[in-house]
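For reference, model-v5.pdb is printed below; it contains PDB, C-alpha atoms.
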MODEL        1
ATOM      1  CA  MET A  12       5.707   9.924  17.158  1.00  0.00           C
ATOM      2  CA  ARG A  13       5.973   6.156  17.365  1.00  0.00           C
ATOM      3  CA  ILE A  14       5.107   4.534  14.043  1.00  0.00           C
ATOM      4  CA  MET A  15       4.332   0.847  13.614  1.00  0.00           C
ATOM      5  CA  CYS A  16       4.257  -0.563  10.076  1.00  0.00           C
ATOM      6  CA  VAL A  17       1.770  -3.449   9.975  1.00  0.00           C
ATOM      7  CA  GLY A  18       1.461  -5.708   6.979  1.00  0.00           C
ATOM      8  CA  ASP A  19       1.941  -8.895   5.044  1.00  0.00           C
ATOM      9  CA  SER A  20       4.648 -10.004   2.619  1.00  0.00           C
ATOM     10  CA  MET A  21       4.574  -6.637   0.845  1.00  0.00           C
ATOM     11  CA  THR A  22       5.615  -4.961   4.099  1.00  0.00           C
ATOM     12  CA  ILE A  23       8.035  -7.417   5.684  1.00  0.00           C
ATOM     13  CA  GLY A  24       9.901  -7.850   2.393  1.00  0.00           C
ATOM     14  CA  SER A  25      12.312 -10.628   1.544  1.00  0.00           C
ATOM     15  CA  SER A  26      16.088 -11.022   1.498  1.00  0.00           C
ATOM     16  CA  GLY A  27      17.740  -8.377  -0.620  1.00  0.00           C
ATOM     17  CA  ASP A  28      14.835  -5.919  -0.554  1.00  0.00           C
ATOM     18  CA  PHE A  29      15.042  -2.307   0.545  1.00  0.00           C
ATOM     19  CA  THR A  30      11.348  -2.476   1.680  1.00  0.00           C
ATOM     20  CA  TRP A  31       8.908   0.417   1.681  1.00  0.00           C
ATOM     21  CA  ARG A  32       9.622   0.716   5.403  1.00  0.00           C
ATOM     22  CA  TYR A  33      13.167   1.733   4.522  1.00  0.00           C
ATOM     23  CA  ARG A  34      11.870   4.275   2.020  1.00  0.00           C
ATOM     24  CA  MET A  35       9.559   5.693   4.697  1.00  0.00           C
ATOM     25  CA  TRP A  36      12.497   5.996   7.083  1.00  0.00           C
ATOM     26  CA  GLN A  37      14.466   7.883   4.426  1.00  0.00           C
ATOM     27  CA  HIS A  38      11.497  10.143   3.728  1.00  0.00           C
ATOM     28  CA  LEU A  39      10.865  11.017   7.371  1.00  0.00           C
ATOM     29  CA  ASN A  40      14.530  11.702   7.966  1.00  0.00           C
ATOM     30  CA  ALA A  41      14.480  14.150   5.060  1.00  0.00           C
ATOM     31  CA  THR A  42      11.176  15.908   5.757  1.00  0.00           C
ATOM     32  CA  TYR A  43      10.138  15.476   9.393  1.00  0.00           C
ATOM     33  CA  PRO A  44      12.057  17.216  12.192  1.00  0.00           C
ATOM     34  CA  GLY A  45      10.906  14.612  14.677  1.00  0.00           C
ATOM     35  CA  PRO A  46      11.331  13.116  17.063  1.00  0.00           C
ATOM     36  CA  TYR A  47       9.990   9.809  15.794  1.00  0.00           C
ATOM     37  CA  GLN A  48      10.698   6.094  16.001  1.00  0.00           C
ATOM     38  CA  LEU A  49       9.723   3.066  13.939  1.00  0.00           C
ATOM     39  CA  VAL A  50       8.566   0.474  16.467  1.00  0.00           C
ATOM     40  CA  GLY A  51       7.352  -3.104  16.603  1.00  0.00           C
ATOM     41  CA  PRO A  52       8.207  -6.606  17.812  1.00  0.00           C
ATOM     42  CA  ARG A  53       9.997  -7.773  14.646  1.00  0.00           C
ATOM     43  CA  ASP A  54      12.920  -6.523  12.586  1.00  0.00           C
ATOM     44  CA  THR A  55      13.733  -9.217  10.032  1.00  0.00           C
ATOM     45  CA  LEU A  56      12.964 -10.012   6.404  1.00  0.00           C
ATOM     46  CA  TYR A  57      11.515 -13.217   5.014  1.00  0.00           C
ATOM     47  CA  ASP A  58      14.108 -15.595   3.557  1.00  0.00           C
ATOM     48  CA  PRO A  59      12.786 -17.773   0.700  1.00  0.00           C
ATOM     49  CA  ALA A  60      15.694 -20.168   1.199  1.00  0.00           C
ATOM     50  CA  THR A  61      14.623 -21.050   4.739  1.00  0.00           C
ATOM     51  CA  ASP A  62      10.906 -20.218   4.387  1.00  0.00           C
ATOM     52  CA  ALA A  63      11.202 -18.218   7.588  1.00  0.00           C
ATOM     53  CA  ALA A  64      11.428 -14.605   8.690  1.00  0.00           C
ATOM     54  CA  ASP A  65      15.054 -14.926   9.727  1.00  0.00           C
ATOM     55  CA  SER A  66      16.962 -12.726   7.289  1.00  0.00           C
ATOM     56  CA  VAL A  67      18.698  -9.435   8.042  1.00  0.00           C
ATOM     57  CA  ALA A  68      19.950  -9.054   4.458  1.00  0.00           C
ATOM     58  CA  TYR A  69      18.446  -5.643   3.745  1.00  0.00           C
ATOM     59  CA  ALA A  70      19.558  -4.120   0.453  1.00  0.00           C
ATOM     60  CA  ASP A  71      21.097  -1.259   2.407  1.00  0.00           C
ATOM     61  CA  PRO A  72      23.046  -2.699   5.331  1.00  0.00           C
ATOM     62  CA  ALA A  73      23.221   0.820   6.757  1.00  0.00           C
ATOM     63  CA  PHE A  74      19.466   0.690   7.534  1.00  0.00           C
ATOM     64  CA  PRO A  75      19.755   1.026  11.330  1.00  0.00           C
ATOM     65  CA  ALA A  76      18.574  -1.893  13.436  1.00  0.00           C
ATOM     66  CA  LYS A  77      16.367   0.385  15.520  1.00  0.00           C
ATOM     67  CA  ALA A  78      14.587   1.615  12.370  1.00  0.00           C
ATOM     68  CA  ARG A  79      13.868  -1.906  11.086  1.00  0.00           C
ATOM     69  CA  ARG A  80      11.179  -2.564  13.672  1.00  0.00           C
ATOM     70  CA  HIS A  81       7.755  -3.627  12.357  1.00  0.00           C
ATOM     71  CA  LEU A  82       4.755  -5.899  12.779  1.00  0.00           C
ATOM     72  CA  ALA A  83       4.569  -7.700   9.444  1.00  0.00           C
ATOM     73  CA  GLY A  84       4.648 -11.307   8.343  1.00  0.00           C
ATOM     74  CA  TRP A  85       4.805 -13.306   5.153  1.00  0.00           C
ATOM     75  CA  GLY A  86       1.350 -14.830   4.669  1.00  0.00           C
ATOM     76  CA  GLU A  87      -0.276 -12.841   7.479  1.00  0.00           C
ATOM     77  CA  GLY A  88      -3.407 -10.726   7.103  1.00  0.00           C
ATOM     78  CA  TRP A  89      -6.092  -8.897   9.039  1.00  0.00           C
ATOM     79  CA  LEU A  90      -7.124 -12.303  10.391  1.00  0.00           C
ATOM     80  CA  HIS A  91      -3.721 -12.741  12.022  1.00  0.00           C
ATOM     81  CA  MET A  92      -3.033  -9.160  13.091  1.00  0.00           C
ATOM     82  CA  ALA A  93      -6.394  -8.359  14.692  1.00  0.00           C
ATOM     83  CA  PRO A  94      -5.709 -10.624  17.718  1.00  0.00           C
ATOM     84  CA  LEU A  95      -2.154  -9.266  18.097  1.00  0.00           C
ATOM     85  CA  ILE A  96      -2.532  -5.535  17.715  1.00  0.00           C
ATOM     86  CA  GLU A  97      -3.765  -4.615  21.197  1.00  0.00           C
ATOM     87  CA  ASP A  98      -0.796  -6.198  22.949  1.00  0.00           C
ATOM     88  CA  GLU A  99       1.720  -4.865  20.415  1.00  0.00           C
ATOM     89  CA  VAL A 100       0.417  -1.301  20.479  1.00  0.00           C
ATOM     90  CA  ARG A 101       0.549  -1.391  24.261  1.00  0.00           C
ATOM     91  CA  ALA A 102       3.994  -2.980  24.434  1.00  0.00           C
ATOM     92  CA  HIS A 103       5.584  -0.637  21.900  1.00  0.00           C
ATOM     93  CA  ARG A 104       3.517   2.447  22.697  1.00  0.00           C
ATOM     94  CA  ALA A 105       2.673   2.942  19.033  1.00  0.00           C
ATOM     95  CA  ASP A 106       0.603   6.035  18.316  1.00  0.00           C
ATOM     96  CA  THR A 107       0.604   5.872  14.486  1.00  0.00           C
ATOM     97  CA  LEU A 108      -0.109   2.728  12.458  1.00  0.00           C
ATOM     98  CA  LEU A 109       0.668   2.330   8.756  1.00  0.00           C
ATOM     99  CA  VAL A 110      -1.281  -0.732   7.676  1.00  0.00           C
ATOM    100  CA  SER A 111      -1.183  -2.699   4.424  1.00  0.00           C
ATOM    101  CA  LEU A 112      -3.203  -5.911   4.696  1.00  0.00           C
ATOM    102  CA  GLY A 113      -5.981  -7.814   2.983  1.00  0.00           C
ATOM    103  CA  LEU A 114      -4.702  -9.538  -0.133  1.00  0.00           C
ATOM    104  CA  ILE A 115      -3.708 -12.691   1.725  1.00  0.00           C
ATOM    105  CA  ASP A 116      -7.017 -12.743   3.617  1.00  0.00           C
ATOM    106  CA  LEU A 117      -9.053 -12.661   0.412  1.00  0.00           C
ATOM    107  CA  GLY A 118      -6.756 -15.099  -1.318  1.00  0.00           C
ATOM    108  CA  PHE A 119      -6.753 -17.809   1.324  1.00  0.00           C
ATOM    109  CA  TYR A 120      -8.784 -17.152   4.468  1.00  0.00           C
ATOM    110  CA  THR A 121     -11.837 -14.888   4.465  1.00  0.00           C
ATOM    111  CA  ASP A 122     -14.383 -13.285   2.160  1.00  0.00           C
ATOM    112  CA  PRO A 123     -14.679  -9.474   1.877  1.00  0.00           C
ATOM    113  CA  GLU A 124     -17.282  -9.175   4.627  1.00  0.00           C
ATOM    114  CA  GLN A 125     -15.317 -11.338   7.055  1.00  0.00           C
ATOM    115  CA  THR A 126     -12.135  -9.456   6.222  1.00  0.00           C
ATOM    116  CA  ALA A 127     -13.842  -6.122   6.856  1.00  0.00           C
ATOM    117  CA  GLU A 128     -15.039  -7.405  10.219  1.00  0.00           C
ATOM    118  CA  ASN A 129     -11.432  -8.196  11.100  1.00  0.00           C
ATOM    119  CA  VAL A 130     -10.507  -4.607  10.178  1.00  0.00           C
ATOM    120  CA  ARG A 131     -13.001  -3.436  12.765  1.00  0.00           C
ATOM    121  CA  ARG A 132     -11.627  -5.886  15.342  1.00  0.00           C
ATOM    122  CA  PHE A 133      -8.132  -4.587  14.606  1.00  0.00           C
ATOM    123  CA  VAL A 134      -9.134  -0.958  15.140  1.00  0.00           C
ATOM    124  CA  ALA A 135     -10.948  -1.807  18.361  1.00  0.00           C
ATOM    125  CA  GLY A 136      -7.920  -3.694  19.642  1.00  0.00           C
ATOM    126  CA  ALA A 137      -5.518  -0.867  18.830  1.00  0.00           C
ATOM    127  CA  ARG A 138      -7.795   1.621  20.583  1.00  0.00           C
ATOM    128  CA  ALA A 139      -8.156  -0.615  23.611  1.00  0.00           C
ATOM    129  CA  ALA A 140      -4.413  -0.245  24.092  1.00  0.00           C
ATOM    130  CA  ARG A 141      -4.176   3.403  23.071  1.00  0.00           C
ATOM    131  CA  PRO A 142      -7.482   5.298  22.726  1.00  0.00           C
ATOM    132  CA  HIS A 143      -5.958   8.089  20.631  1.00  0.00           C
ATOM    133  CA  VAL A 144      -4.060   5.915  18.180  1.00  0.00           C
ATOM    134  CA  ARG A 145      -4.263   7.017  14.546  1.00  0.00           C
ATOM    135  CA  ALA A 146      -3.849   4.904  11.448  1.00  0.00           C
ATOM    136  CA  VAL A 147      -3.421   5.038   7.692  1.00  0.00           C
ATOM    137  CA  LEU A 148      -4.967   2.029   5.944  1.00  0.00           C
ATOM    138  CA  MET A 149      -3.914   0.969   2.448  1.00  0.00           C
ATOM    139  CA  PRO A 150      -6.543  -0.508   0.130  1.00  0.00           C
ATOM    140  CA  VAL A 151      -5.821  -3.905  -1.372  1.00  0.00           C
ATOM    141  CA  ILE A 152      -3.750  -3.360  -4.505  1.00  0.00           C
ATOM    142  CA  PRO A 153      -4.909  -5.975  -7.022  1.00  0.00           C
ATOM    143  CA  ASN A 154      -2.185  -8.427  -7.990  1.00  0.00           C
ATOM    144  CA  VAL A 155      -1.772 -10.557 -11.086  1.00  0.00           C
ATOM    145  CA  ARG A 156      -4.323 -13.073  -9.791  1.00  0.00           C
ATOM    146  CA  ALA A 157      -6.954 -10.348  -9.624  1.00  0.00           C
ATOM    147  CA  LEU A 158      -6.292  -9.537 -13.265  1.00  0.00           C
ATOM    148  CA  VAL A 159      -6.835 -13.093 -14.502  1.00  0.00           C
ATOM    149  CA  ASP A 160      -9.418 -14.322 -11.966  1.00  0.00           C
ATOM    150  CA  ALA A 161     -12.549 -12.175 -12.293  1.00  0.00           C
ATOM    151  CA  ASP A 162     -14.086 -13.497  -9.078  1.00  0.00           C
ATOM    152  CA  PHE A 163     -10.987 -12.691  -7.048  1.00  0.00           C
ATOM    153  CA  GLY A 164     -10.770  -9.277  -8.669  1.00  0.00           C
ATOM    154  CA  ALA A 165     -14.381  -8.623  -7.657  1.00  0.00           C
ATOM    155  CA  GLN A 166     -13.593  -9.665  -4.083  1.00  0.00           C
ATOM    156  CA  CYS A 167     -10.725  -7.155  -3.965  1.00  0.00           C
ATOM    157  CA  THR A 168     -13.017  -4.410  -5.246  1.00  0.00           C
ATOM    158  CA  ARG A 169     -15.733  -5.317  -2.753  1.00  0.00           C
ATOM    159  CA  PHE A 170     -13.328  -5.400   0.171  1.00  0.00           C
ATOM    160  CA  ASN A 171     -11.938  -1.987  -0.738  1.00  0.00           C
ATOM    161  CA  GLU A 172     -15.480  -0.610  -0.678  1.00  0.00           C
ATOM    162  CA  LEU A 173     -16.015  -2.108   2.765  1.00  0.00           C
ATOM    163  CA  LEU A 174     -12.639  -0.814   3.947  1.00  0.00           C
ATOM    164  CA  ALA A 175     -13.574   2.719   2.878  1.00  0.00           C
ATOM    165  CA  LYS A 176     -16.857   2.377   4.767  1.00  0.00           C
ATOM    166  CA  ALA A 177     -15.062   1.127   7.877  1.00  0.00           C
ATOM    167  CA  VAL A 178     -12.686   4.091   7.780  1.00  0.00           C
ATOM    168  CA  ALA A 179     -15.625   6.497   7.406  1.00  0.00           C
ATOM    169  CA  ASP A 180     -17.606   4.796  10.182  1.00  0.00           C
ATOM    170  CA  LEU A 181     -14.786   4.415  12.681  1.00  0.00           C
ATOM    171  CA  SER A 182     -12.660   7.530  12.286  1.00  0.00           C
ATOM    172  CA  THR A 183     -13.005  10.025  15.125  1.00  0.00           C
ATOM    173  CA  PRO A 184     -11.317  13.365  15.861  1.00  0.00           C
ATOM    174  CA  GLY A 185      -9.493  11.771  18.764  1.00  0.00           C
ATOM    175  CA  SER A 186      -8.462   8.630  16.877  1.00  0.00           C
ATOM    176  CA  PRO A 187      -8.415   9.477  13.162  1.00  0.00           C
ATOM    177  CA  LEU A 188      -8.263   6.881  10.411  1.00  0.00           C
ATOM    178  CA  LEU A 189      -7.113   7.665   6.889  1.00  0.00           C
ATOM    179  CA  LEU A 190      -7.663   5.652   3.736  1.00  0.00           C
ATOM    180  CA  ALA A 191      -4.519   5.894   1.655  1.00  0.00           C
ATOM    181  CA  SER A 192      -4.874   6.252  -2.096  1.00  0.00           C
ATOM    182  CA  GLU A 193      -3.778   3.305  -4.202  1.00  0.00           C
ATOM    183  CA  PRO A 194      -0.645   4.533  -5.993  1.00  0.00           C
ATOM    184  CA  ALA A 195      -1.784   5.979  -9.314  1.00  0.00           C
ATOM    185  CA  ASP A 196       1.380   4.844 -11.089  1.00  0.00           C
ATOM    186  CA  TRP A 197       1.202   1.244  -9.842  1.00  0.00           C
ATOM    187  CA  ARG A 198       1.799  -1.191 -12.697  1.00  0.00           C
ATOM    188  CA  ILE A 199       2.002  -4.969 -12.305  1.00  0.00           C
ATOM    189  CA  ASP A 200       4.910  -5.147 -14.761  1.00  0.00           C
ATOM    190  CA  GLY A 201       7.051  -2.408 -13.228  1.00  0.00           C
ATOM    191  CA  SER A 202       5.878  -1.971  -9.650  1.00  0.00           C
ATOM    192  CA  THR A 203       6.209  -5.669  -8.732  1.00  0.00           C
ATOM    193  CA  TYR A 204       8.851  -8.283  -9.402  1.00  0.00           C
ATOM    194  CA  ASP A 205       6.445 -11.244  -9.485  1.00  0.00           C
ATOM    195  CA  GLY A 206       2.963  -9.869  -9.993  1.00  0.00           C
ATOM    196  CA  THR A 207       2.400  -9.183  -6.287  1.00  0.00           C
ATOM    197  CA  HIS A 208       5.440  -8.093  -4.292  1.00  0.00           C
ATOM    198  CA  PRO A 209       6.861  -4.604  -4.765  1.00  0.00           C
ATOM    199  CA  SER A 210       9.958  -4.031  -6.832  1.00  0.00           C
ATOM    200  CA  ALA A 211      12.269  -1.158  -5.887  1.00  0.00           C
ATOM    201  CA  PRO A 212      10.014   1.342  -7.747  1.00  0.00           C
ATOM    202  CA  GLY A 213       6.973  -0.238  -6.108  1.00  0.00           C
ATOM    203  CA  GLU A 214       8.486   0.245  -2.664  1.00  0.00           C
ATOM    204  CA  HIS A 215       8.707   3.976  -3.391  1.00  0.00           C
ATOM    205  CA  LEU A 216       5.077   4.032  -4.516  1.00  0.00           C
ATOM    206  CA  LEU A 217       3.860   2.354  -1.316  1.00  0.00           C
ATOM    207  CA  ALA A 218       5.934   4.597   0.924  1.00  0.00           C
ATOM    208  CA  GLY A 219       4.732   7.589  -1.057  1.00  0.00           C
ATOM    209  CA  ALA A 220       1.073   6.665  -0.616  1.00  0.00           C
ATOM    210  CA  PHE A 221       1.474   6.492   3.153  1.00  0.00           C
ATOM    211  CA  ALA A 222       3.670   9.594   3.331  1.00  0.00           C
ATOM    212  CA  ASP A 223       1.348  11.712   1.217  1.00  0.00           C
ATOM    213  CA  ALA A 224      -1.676  10.694   3.302  1.00  0.00           C
ATOM    214  CA  MET A 225       0.084  11.728   6.517  1.00  0.00           C
ATOM    215  CA  HIS A 226       1.337  14.973   5.011  1.00  0.00           C
ATOM    216  CA  GLN A 227      -2.003  16.005   3.533  1.00  0.00           C
ATOM    217  CA  ALA A 228      -4.161  15.095   6.542  1.00  0.00           C
ATOM    218  CA  TRP A 229      -1.842  15.600   9.482  1.00  0.00           C
ATOM    219  CA  GLU A 230       0.923  17.870   8.134  1.00  0.00           C
ATOM    220  CA  ILE A 231       3.569  15.274   8.949  1.00  0.00           C
ATOM    221  CA  GLY A 232       6.696  15.549   6.840  1.00  0.00           C
ATOM    222  CA  GLY A 233       6.415  16.794   3.283  1.00  0.00           C
ATOM    223  CA  PRO A 234       5.297  15.492  -0.095  1.00  0.00           C
ATOM    224  CA  TYR A 235       7.031  12.256  -1.012  1.00  0.00           C
ATOM    225  CA  LEU A 236       9.858  12.720  -3.483  1.00  0.00           C
ATOM    226  CA  HIS A 237      10.961   9.573  -5.345  1.00  0.00           C
TER     227      HIS A 237
ENDMDL
END

Encoded form (C-alpha cells):
Amino acid sequence: MRIMCVGDSMTIGSSGDFTWRYRMWQHLNATYPGPYQLVGPRDTLYDPATDAADSVAYADPAFPAKARRHLAGWGEGWLHMAPLIEDEVRAHRADTLLVSLGLIDLGFYTDPEQTAENVRRFVAGARAARPHVRAVLMPVIPNVRALVDADFGAQCTRFNELLAKAVADLSTPGSPLLLASEPADWRIDGSTYDGTHPSAPGEHLLAGAFADAMHQAWEIGGPYLH
C-alpha cells in the first residue's frame, strides 16, 4: 500500500508540529502488518518565520524521513491540487489517497460549486494515472471564521453536501471513494491552536477520522486509539 496524504495547511503542518500524518504513521505501525509506505513529492513543514515550506523541525525528530512524504501545501486547495495529482500519483505510484482540502478554496478562491468541480477534476486526474486508486476525502471542518461569518459557514455546509454527492456519484468498486466523518469531538477551542489549524489533540482526531474510515470500509489497520 502506497499512501499519499494530500492537503492544505492542516496537513503540511508548521514548525514544531507532530502533524496528523505522523499520527497516521504511528497508527499504521501499531495496527497494520503492511507493507506500506507514505509517499509524495514533499517532506517538509511550513515555517512561519520564512513564510516557506522549508522546515524539518517536526515535534518528534525520530519521525523517519521516508515517512514524512506528502503532497500538501500551506494555502493550497482543490484548485491547486487538481492539476498536480495525475503526475504525482503516477510518479509516486500512490494507490491510496487521504485528502483534506477545501477550506482555503472557499475562503479565497472558489465558491462551493466551483470547488466541487475541482474535486471531480482531481479524482479524474488520479484515475488517469492509476485507474484503481482509492481515496478517503475529509469534509471541510468549519473554522472560527465559519462560526462568526454566516455566509462563509453556509458555503462550508453547501460544499460538504456537494462533496458527499461527488463521492456517491464517482465511487466505483474498482476505484472506491470514502467520505470520512468529521471528528465528533472536534472543538475549535481544544482541537485547534488558532481557530483553524489542529493542535496536538486535533491531529489525533484527524488521523483517527481517516484511520477509522479505512478500517471500517477496507479492513485496513484497526480502530484508532488516541

Item to complete: Name the closest residue to Leu108 in chain A among the candidates A:Gly51, A:Pro59, A:Gly233, A:Gly219; distances are taken between atoms, counting all atoms listed in the file.
Response: A:Gly51

Worksheet, complete the sentence: Correct to one decimal, the distance CA of Arg156 in chain A-CA of Val134 in chain A is 28.1 Å

Worksheet item: Between A:Trp31, A:Trp197, A:Tyr47, A:Phe133, which has the minimum distance to Ala177 in chain A (counting all atoms listed in the file)?
Response: A:Phe133

Worksheet item: Counting all atoms listed in the file, which of A:Ala139, A:Leu158, A:Ala41, A:Leu190 gets nearest to Pro94 in chain A?
Response: A:Ala139

Discussion item. Ranking A:Ala68, A:Ala195, A:Ala105, A:Ile14 by minimum distance to Asp28 in chain A and counting only C-alpha atoms, which one comes first?
Written reply: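 Ranking A:Ala68, A:Ala195, A:Ala105, A:Ile14 by distance to Asp28 in chain A, first place goes to A:Ala68.
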
Practice prompt. Between CA of Pro52 in chain A and CA of Ala76 in chain A, measure the distance and give it in Å to one decimal.
Written response: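 Value for the CA of Pro52 in chain A-CA of Ala76 in chain A distance: 12.2 Å.
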
Worksheet item: In Å, how far is it from CA of Asp98 in chain A to CA of Gly18 in chain A?
Response: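 Those two atoms sit 16.1 Å apart.
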
For the structure shown, which residues end up in the PyMOL selection byres ((chain A and resi 141) around 9)? Put them as a PDB file with C-alpha atoms, keeping the file's coordinate frame, please?
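Result went into selection-v6.pdb, see below:
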ATOM      1  CA  GLU A  97      -3.765  -4.615  21.197  1.00  0.00           C
ATOM      2  CA  VAL A 100       0.417  -1.301  20.479  1.00  0.00           C
ATOM      3  CA  ARG A 101       0.549  -1.391  24.261  1.00  0.00           C
ATOM      4  CA  ARG A 104       3.517   2.447  22.697  1.00  0.00           C
ATOM      5  CA  ALA A 105       2.673   2.942  19.033  1.00  0.00           C
ATOM      6  CA  ASP A 106       0.603   6.035  18.316  1.00  0.00           C
ATOM      7  CA  GLY A 136      -7.920  -3.694  19.642  1.00  0.00           C
ATOM      8  CA  ALA A 137      -5.518  -0.867  18.830  1.00  0.00           C
ATOM      9  CA  ARG A 138      -7.795   1.621  20.583  1.00  0.00           C
ATOM     10  CA  ALA A 139      -8.156  -0.615  23.611  1.00  0.00           C
ATOM     11  CA  ALA A 140      -4.413  -0.245  24.092  1.00  0.00           C
ATOM     12  CA  PRO A 142      -7.482   5.298  22.726  1.00  0.00           C
ATOM     13  CA  HIS A 143      -5.958   8.089  20.631  1.00  0.00           C
ATOM     14  CA  VAL A 144      -4.060   5.915  18.180  1.00  0.00           C
TER      15      VAL A 144
END

Practice prompt. Report as number ranges by chain the residues that result from applying the PyMOL selection byres ((chain A and resi 78-93) around 7) to the structure here.
Written response: A: 15-20, 22-23, 48-54, 57, 74-77, 94-96, 112-113, 115-116, 126, 129-130, 132-133, 136

Worksheet item: When the PyMOL selection byres ((chain A and resi 163) around 12) is applied to the file above, which residues end up in the set, as a list in words?
Response: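 Given this file, the PyMOL selection byres ((chain A and resi 163) around 12) evaluates to Leu114, Ile115, Asp116, Leu117, Gly118, Phe119, Thr121, Asp122, Pro123, Val151, Pro153, Asn154, Val155, Arg156, Ala157, Leu158, Val159, Asp160, Ala161, Asp162, Gly164, Ala165, Gln166, Cys167, Thr168, Arg169 and Phe170 of chain A.
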
Worksheet item: Between A:Leu217, A:Ile152, A:Val67, A:Ala146, which has the minimum distance to Leu188 in chain A (counting all atoms listed in the file)?
Response: A:Ala146

Discussion item. Nearest residue to Ala218 in chain A out of A:Met35, A:Val110, A:Met12, A:Ala73, using all atoms listed in the file?
Written reply: A:Met35

Report the centre and edge lengths, in Å to one decimal, of an axis-aligned box enclosing every atom of range 117-127 of chain A listed in the file, padded by 5 Å on each side, as AutoDock Vina command-line options.
--center_x -12.0 --center_y -12.0 --center_z 2.9 --size_x 20.5 --size_y 21.7 --size_z 18.4

Discussion item. Around the point (12.1, -2.6, -4.2) (coordinates from the file), which residues reach within 6 Å if we count all atoms listed in the file? Answer as an NGL selection string.
Written reply: :A and (28-30 or 209-214)

Kindly complete range 223-234 of chain A to N, CA, C and O atoms; the output should be written as a PDB file, in the coordinates of the input.
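Written out: rebuild_28.pdb:
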ATOM      1  N   ASP A 223       2.204  10.632   1.703  1.00  0.00           N
ATOM      2  CA  ASP A 223       1.348  11.712   1.217  1.00  0.00           C
ATOM      3  C   ASP A 223       0.061  11.803   2.031  1.00  0.00           C
ATOM      4  O   ASP A 223      -0.449  12.909   2.288  1.00  0.00           O
ATOM      5  N   ALA A 224      -0.480  10.664   2.458  1.00  0.00           N
ATOM      6  CA  ALA A 224      -1.676  10.694   3.302  1.00  0.00           C
ATOM      7  C   ALA A 224      -1.384  11.410   4.622  1.00  0.00           C
ATOM      8  O   ALA A 224      -2.164  12.269   5.072  1.00  0.00           O
ATOM      9  N   MET A 225      -0.260  11.088   5.246  1.00  0.00           N
ATOM     10  CA  MET A 225       0.084  11.728   6.517  1.00  0.00           C
ATOM     11  C   MET A 225       0.366  13.214   6.343  1.00  0.00           C
ATOM     12  O   MET A 225      -0.003  14.029   7.190  1.00  0.00           O
ATOM     13  N   HIS A 226       1.026  13.564   5.250  1.00  0.00           N
ATOM     14  CA  HIS A 226       1.337  14.973   5.011  1.00  0.00           C
ATOM     15  C   HIS A 226       0.070  15.777   4.756  1.00  0.00           C
ATOM     16  O   HIS A 226      -0.128  16.857   5.322  1.00  0.00           O
ATOM     17  N   GLN A 227      -0.806  15.259   3.908  1.00  0.00           N
ATOM     18  CA  GLN A 227      -2.003  16.005   3.533  1.00  0.00           C
ATOM     19  C   GLN A 227      -2.992  16.134   4.682  1.00  0.00           C
ATOM     20  O   GLN A 227      -3.614  17.184   4.879  1.00  0.00           O
ATOM     21  N   ALA A 228      -3.153  15.072   5.472  1.00  0.00           N
ATOM     22  CA  ALA A 228      -4.161  15.095   6.542  1.00  0.00           C
ATOM     23  C   ALA A 228      -3.616  15.618   7.863  1.00  0.00           C
ATOM     24  O   ALA A 228      -4.344  16.301   8.599  1.00  0.00           O
ATOM     25  N   TRP A 229      -2.379  15.308   8.163  1.00  0.00           N
ATOM     26  CA  TRP A 229      -1.842  15.600   9.482  1.00  0.00           C
ATOM     27  C   TRP A 229      -0.624  16.530   9.465  1.00  0.00           C
ATOM     28  O   TRP A 229      -0.034  16.800  10.508  1.00  0.00           O
ATOM     29  N   GLU A 230      -0.216  16.967   8.285  1.00  0.00           N
ATOM     30  CA  GLU A 230       0.923  17.870   8.134  1.00  0.00           C
ATOM     31  C   GLU A 230       2.204  17.273   8.709  1.00  0.00           C
ATOM     32  O   GLU A 230       3.030  17.963   9.300  1.00  0.00           O
ATOM     33  N   ILE A 231       2.349  15.973   8.525  1.00  0.00           N
ATOM     34  CA  ILE A 231       3.569  15.274   8.949  1.00  0.00           C
ATOM     35  C   ILE A 231       4.495  15.168   7.754  1.00  0.00           C
ATOM     36  O   ILE A 231       4.124  14.663   6.697  1.00  0.00           O
ATOM     37  N   GLY A 232       5.729  15.621   7.921  1.00  0.00           N
ATOM     38  CA  GLY A 232       6.696  15.549   6.840  1.00  0.00           C
ATOM     39  C   GLY A 232       6.304  16.440   5.685  1.00  0.00           C
ATOM     40  O   GLY A 232       5.636  17.475   5.847  1.00  0.00           O
ATOM     41  N   GLY A 233       6.728  16.040   4.483  1.00  0.00           N
ATOM     42  CA  GLY A 233       6.415  16.794   3.283  1.00  0.00           C
ATOM     43  C   GLY A 233       5.919  15.855   2.211  1.00  0.00           C
ATOM     44  O   GLY A 233       5.771  14.652   2.436  1.00  0.00           O
ATOM     45  N   PRO A 234       5.663  16.358   1.013  1.00  0.00           N
ATOM     46  CA  PRO A 234       5.297  15.492  -0.095  1.00  0.00           C
ATOM     47  C   PRO A 234       6.420  14.478  -0.360  1.00  0.00           C
ATOM     48  O   PRO A 234       7.594  14.802  -0.184  1.00  0.00           O
TER      49      PRO A 234
END
